[in-house]
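Q: Just passing along the structure, written as structure tokens.
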Amino acid sequence: MRYTTLMFDVYILAGGYSSRFGSDKARALYQGKPLIIHVTKALKEVTQTCIVIADQVDKYQDLGFLTLQDKELHLGPLGGLYTALQHCHSQNEWIFICSCDVYGLQAQWVLNLWKAKTSSAQAIAYCREYWEPLFAFYHVSLLSIIEESLKQKEFALQKLLDKVNTVRVLVPQGWDSIVQINTMADLERLIIAN
């Protein structure tokens, strides 16, 4: 299903070490396709632009993705978010961030978050006990706050979302069916289950 394209860019975070997996998780094959292709399939239903943030420029160019290098390497997801917010087009005040290592996302879940946007919001994220910061919207007004967090070496996205004006949305039905691929065993379980 194709939704109306909305005015935001999607940034896929793929700059981690993948140390528990043993190789680049974004390129791990599932059903013959790299995991990052599965991640972007649902997201491309709501936006035309999926940009990857990684540790090297054009790392995923062969897969058809514009890939940006983290402004500062090895600062975790907060560093990737910072790079994305600095890159985003001036006419798009919002960006959507997603991790490269999940399977089972639904485009409707992105729309649910977008519909919860308020005029004073700085972020919009699903939450149960904890925020889901790697499937969330972030506003460009966060740049200075993130710069300060990086200076203070406060890298946790949970703390950032607690600190700023974040719209809290209850996790949608089916959320628990998402598979997070952290290890080769996680991927093997996904393959066996399907």
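Following the order of the structure tokens, chains are lettered A, B, ..., residues in each are numbered from 1, and ligands are numbered from 1.
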List as a ChimeraX atom specification the protein and nucleic acid residues near Gln180 of chain A, meaning an atom at most 10 Å away when only C-alpha atoms are counted, but skip any in the same chain fewer than 3 places from it.
A: /A:99-104,177,183,186-187,190
Q: Using only N, CA, C and O atoms, please write the residues we just selected to a file, as an mmCIF file, in the first residue's frame.
A:
```cif
data_model
loop_
_atom_site.group_PDB
_atom_site.id
_atom_site.type_symbol
_atom_site.label_atom_id
_atom_site.label_comp_id
_atom_site.auth_asym_id
_atom_site.auth_seq_id
_atom_site.Cartn_x
_atom_site.Cartn_y
_atom_site.Cartn_z
ATOM 1 N N SER A 99 16.431 2.360 13.154
ATOM 2 C CA SER A 99 17.612 1.501 13.201
ATOM 3 C C SER A 99 17.631 0.584 11.982
ATOM 4 O O SER A 99 16.590 0.241 11.423
ATOM 5 N N CYS A 100 18.833 0.157 11.593
ATOM 6 C CA CYS A 100 18.987 -0.705 10.408
ATOM 7 C C CYS A 100 18.753 -2.176 10.702
ATOM 8 O O CYS A 100 18.763 -3.003 9.790
ATOM 9 N N ASP A 101 18.543 -2.540 11.965
ATOM 10 C CA ASP A 101 18.596 -3.954 12.344
ATOM 11 C C ASP A 101 17.289 -4.509 12.923
ATOM 12 O O ASP A 101 17.292 -5.324 13.823
ATOM 13 N N VAL A 102 16.171 -4.023 12.373
ATOM 14 C CA VAL A 102 14.867 -4.511 12.845
ATOM 15 C C VAL A 102 14.084 -5.082 11.671
ATOM 16 O O VAL A 102 14.274 -4.676 10.523
ATOM 17 N N TYR A 103 13.205 -6.010 11.973
ATOM 18 C CA TYR A 103 12.361 -6.606 10.938
ATOM 19 C C TYR A 103 10.912 -6.619 11.424
ATOM 20 O O TYR A 103 10.647 -6.911 12.591
ATOM 21 N N GLY A 104 10.003 -6.281 10.528
ATOM 22 C CA GLY A 104 8.580 -6.346 10.862
ATOM 23 C C GLY A 104 7.918 -4.999 11.067
ATOM 24 O O GLY A 104 6.823 -4.922 11.627
ATOM 25 N N SER A 177 5.792 -7.948 17.735
ATOM 26 C CA SER A 177 6.202 -8.881 16.684
ATOM 27 C C SER A 177 7.482 -8.424 15.974
ATOM 28 O O SER A 177 8.052 -9.173 15.183
ATOM 29 N N THR A 183 22.242 -10.430 17.125
ATOM 30 C CA THR A 183 23.217 -11.520 16.997
ATOM 31 C C THR A 183 22.836 -12.408 15.819
ATOM 32 O O THR A 183 21.702 -12.346 15.306
ATOM 33 N N ASP A 186 19.756 -14.350 16.545
ATOM 34 C CA ASP A 186 18.495 -13.631 16.303
ATOM 35 C C ASP A 186 18.059 -13.802 14.857
ATOM 36 O O ASP A 186 16.888 -14.040 14.571
ATOM 37 N N LEU A 187 19.008 -13.672 13.939
ATOM 38 C CA LEU A 187 18.693 -13.831 12.521
ATOM 39 C C LEU A 187 18.259 -15.262 12.216
ATOM 40 O O LEU A 187 17.299 -15.486 11.476
ATOM 41 N N LEU A 190 14.714 -15.790 13.248
ATOM 42 C CA LEU A 190 13.788 -15.166 12.298
ATOM 43 C C LEU A 190 13.613 -16.040 11.074
ATOM 44 O O LEU A 190 12.493 -16.237 10.579
#
```
Q: Got a sec: who's within 12 Å of Ala84 of chain A, counting only C-alpha atoms, leaving out chain neighbours fewer than 6 positions off, as a ChimeraX atom specification?
A: /A:8-14,50-54,67-72,77-78,92-98,137-140,142-143,146
Q: For Arg168 of chain A, list every protein, DNA or RNA residue within 7 Å, evaluated using only C-alpha atoms, and leave out those in the same chain fewer than 2 positions away; present the list as a list in words.
A: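 In the requested form, the answer reads Ile124, Ala125, Tyr126, Cys127, Thr166 and Leu170 of chain A.
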Q: Using all heavy atoms, can you write the selected residues to a file as a PDB file, in the first residue's frame?
A:
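The file below, out-v8.pdb, is the result:
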```pdb
ATOM      1  N   ILE A 124       8.635  12.854  18.878  1.00  0.00           N
ATOM      2  CA  ILE A 124       7.425  12.035  18.982  1.00  0.00           C
ATOM      3  C   ILE A 124       7.888  10.584  18.975  1.00  0.00           C
ATOM      4  O   ILE A 124       8.578  10.156  18.048  1.00  0.00           O
ATOM      5  CB  ILE A 124       6.469  12.252  17.788  1.00  0.00           C
ATOM      6  CG1 ILE A 124       6.286  13.738  17.487  1.00  0.00           C
ATOM      7  CG2 ILE A 124       5.124  11.586  18.048  1.00  0.00           C
ATOM      8  CD1 ILE A 124       5.706  14.012  16.113  1.00  0.00           C
ATOM      9  N   ALA A 125       7.519   9.842  20.021  1.00  0.00           N
ATOM     10  CA  ALA A 125       8.033   8.477  20.127  1.00  0.00           C
ATOM     11  C   ALA A 125       7.027   7.565  20.818  1.00  0.00           C
ATOM     12  O   ALA A 125       6.227   8.004  21.651  1.00  0.00           O
ATOM     13  CB  ALA A 125       9.352   8.473  20.901  1.00  0.00           C
ATOM     14  N   TYR A 126       7.104   6.294  20.464  1.00  0.00           N
ATOM     15  CA  TYR A 126       6.335   5.284  21.175  1.00  0.00           C
ATOM     16  C   TYR A 126       6.961   5.044  22.536  1.00  0.00           C
ATOM     17  O   TYR A 126       8.177   5.178  22.725  1.00  0.00           O
ATOM     18  CB  TYR A 126       6.302   3.972  20.392  1.00  0.00           C
ATOM     19  CG  TYR A 126       5.397   4.012  19.184  1.00  0.00           C
ATOM     20  CD1 TYR A 126       5.900   3.852  17.900  1.00  0.00           C
ATOM     21  CD2 TYR A 126       4.029   4.205  19.346  1.00  0.00           C
ATOM     22  CE1 TYR A 126       5.053   3.887  16.792  1.00  0.00           C
ATOM     23  CE2 TYR A 126       3.176   4.244  18.248  1.00  0.00           C
ATOM     24  CZ  TYR A 126       3.699   4.091  16.982  1.00  0.00           C
ATOM     25  OH  TYR A 126       2.860   4.136  15.896  1.00  0.00           O
ATOM     26  N   CYS A 127       6.114   4.674  23.484  1.00  0.00           N
ATOM     27  CA  CYS A 127       6.614   4.439  24.836  1.00  0.00           C
ATOM     28  C   CYS A 127       5.714   3.438  25.550  1.00  0.00           C
ATOM     29  O   CYS A 127       4.494   3.461  25.410  1.00  0.00           O
ATOM     30  CB  CYS A 127       6.638   5.755  25.620  1.00  0.00           C
ATOM     31  SG  CYS A 127       7.460   5.647  27.212  1.00  0.00           S
ATOM     32  N   THR A 166       8.662  15.741  24.451  1.00  0.00           N
ATOM     33  CA  THR A 166       8.393  14.562  23.632  1.00  0.00           C
ATOM     34  C   THR A 166       6.936  14.150  23.762  1.00  0.00           C
ATOM     35  O   THR A 166       6.420  14.003  24.864  1.00  0.00           O
ATOM     36  CB  THR A 166       9.288  13.375  24.062  1.00  0.00           C
ATOM     37  OG1 THR A 166      10.654  13.785  24.010  1.00  0.00           O
ATOM     38  CG2 THR A 166       9.085  12.177  23.150  1.00  0.00           C
ATOM     39  N   LEU A 170       1.374   5.497  22.821  1.00  0.00           N
ATOM     40  CA  LEU A 170       1.402   4.104  23.249  1.00  0.00           C
ATOM     41  C   LEU A 170       1.805   3.205  22.086  1.00  0.00           C
ATOM     42  O   LEU A 170       1.390   3.439  20.943  1.00  0.00           O
ATOM     43  CB  LEU A 170       0.035   3.679  23.780  1.00  0.00           C
ATOM     44  CG  LEU A 170      -0.399   4.312  25.106  1.00  0.00           C
ATOM     45  CD1 LEU A 170      -1.813   3.874  25.456  1.00  0.00           C
ATOM     46  CD2 LEU A 170       0.565   3.954  26.224  1.00  0.00           C
TER      47      LEU A 170
END
```
Q: For Gly64 of chain A, which residue out of A:Glu45, A:Pro34, A:Ala193, A:Phe155 is the nearest one, using only C-alpha atoms?
A: A:Pro34
Q: Assign secondary structure with DSSP using the backbone only, and return the residues of segment 4-184 of chain A in strand (DSSP E) as a ChimeraX atom specification.
A: /A:9-13,29-30,33-34,50-54,66-69,94-99,102-103,123-127,131-139,166-170,179-180
Q: Please determine, counting only C-alpha atoms, which residue among A:Ala185, A:Gly79, A:Ala107, A:Tyr30 has the shortest atom-to-atom distance to Thr47 of chain A.
A: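 Among A:Ala185, A:Gly79, A:Ala107, A:Tyr30, it is A:Ala107 that comes nearest to Thr47 of chain A.
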Q: Under the rule that only C-alpha atoms are counted, which of A:Lys25, A:Ala123, A:Glu147, A:Leu111 is the nearest residue to Ile37 of chain A?
A: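 For Ile37 of chain A, the nearest of the candidates is A:Lys25.
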Q: Looking at only C-alpha atoms, which of A:Leu81, A:Leu105, A:Leu161, A:Ala121 is the one that sits closest to Gln173 of chain A?
A: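 So, comparing all the options, the nearest one is A:Leu105.
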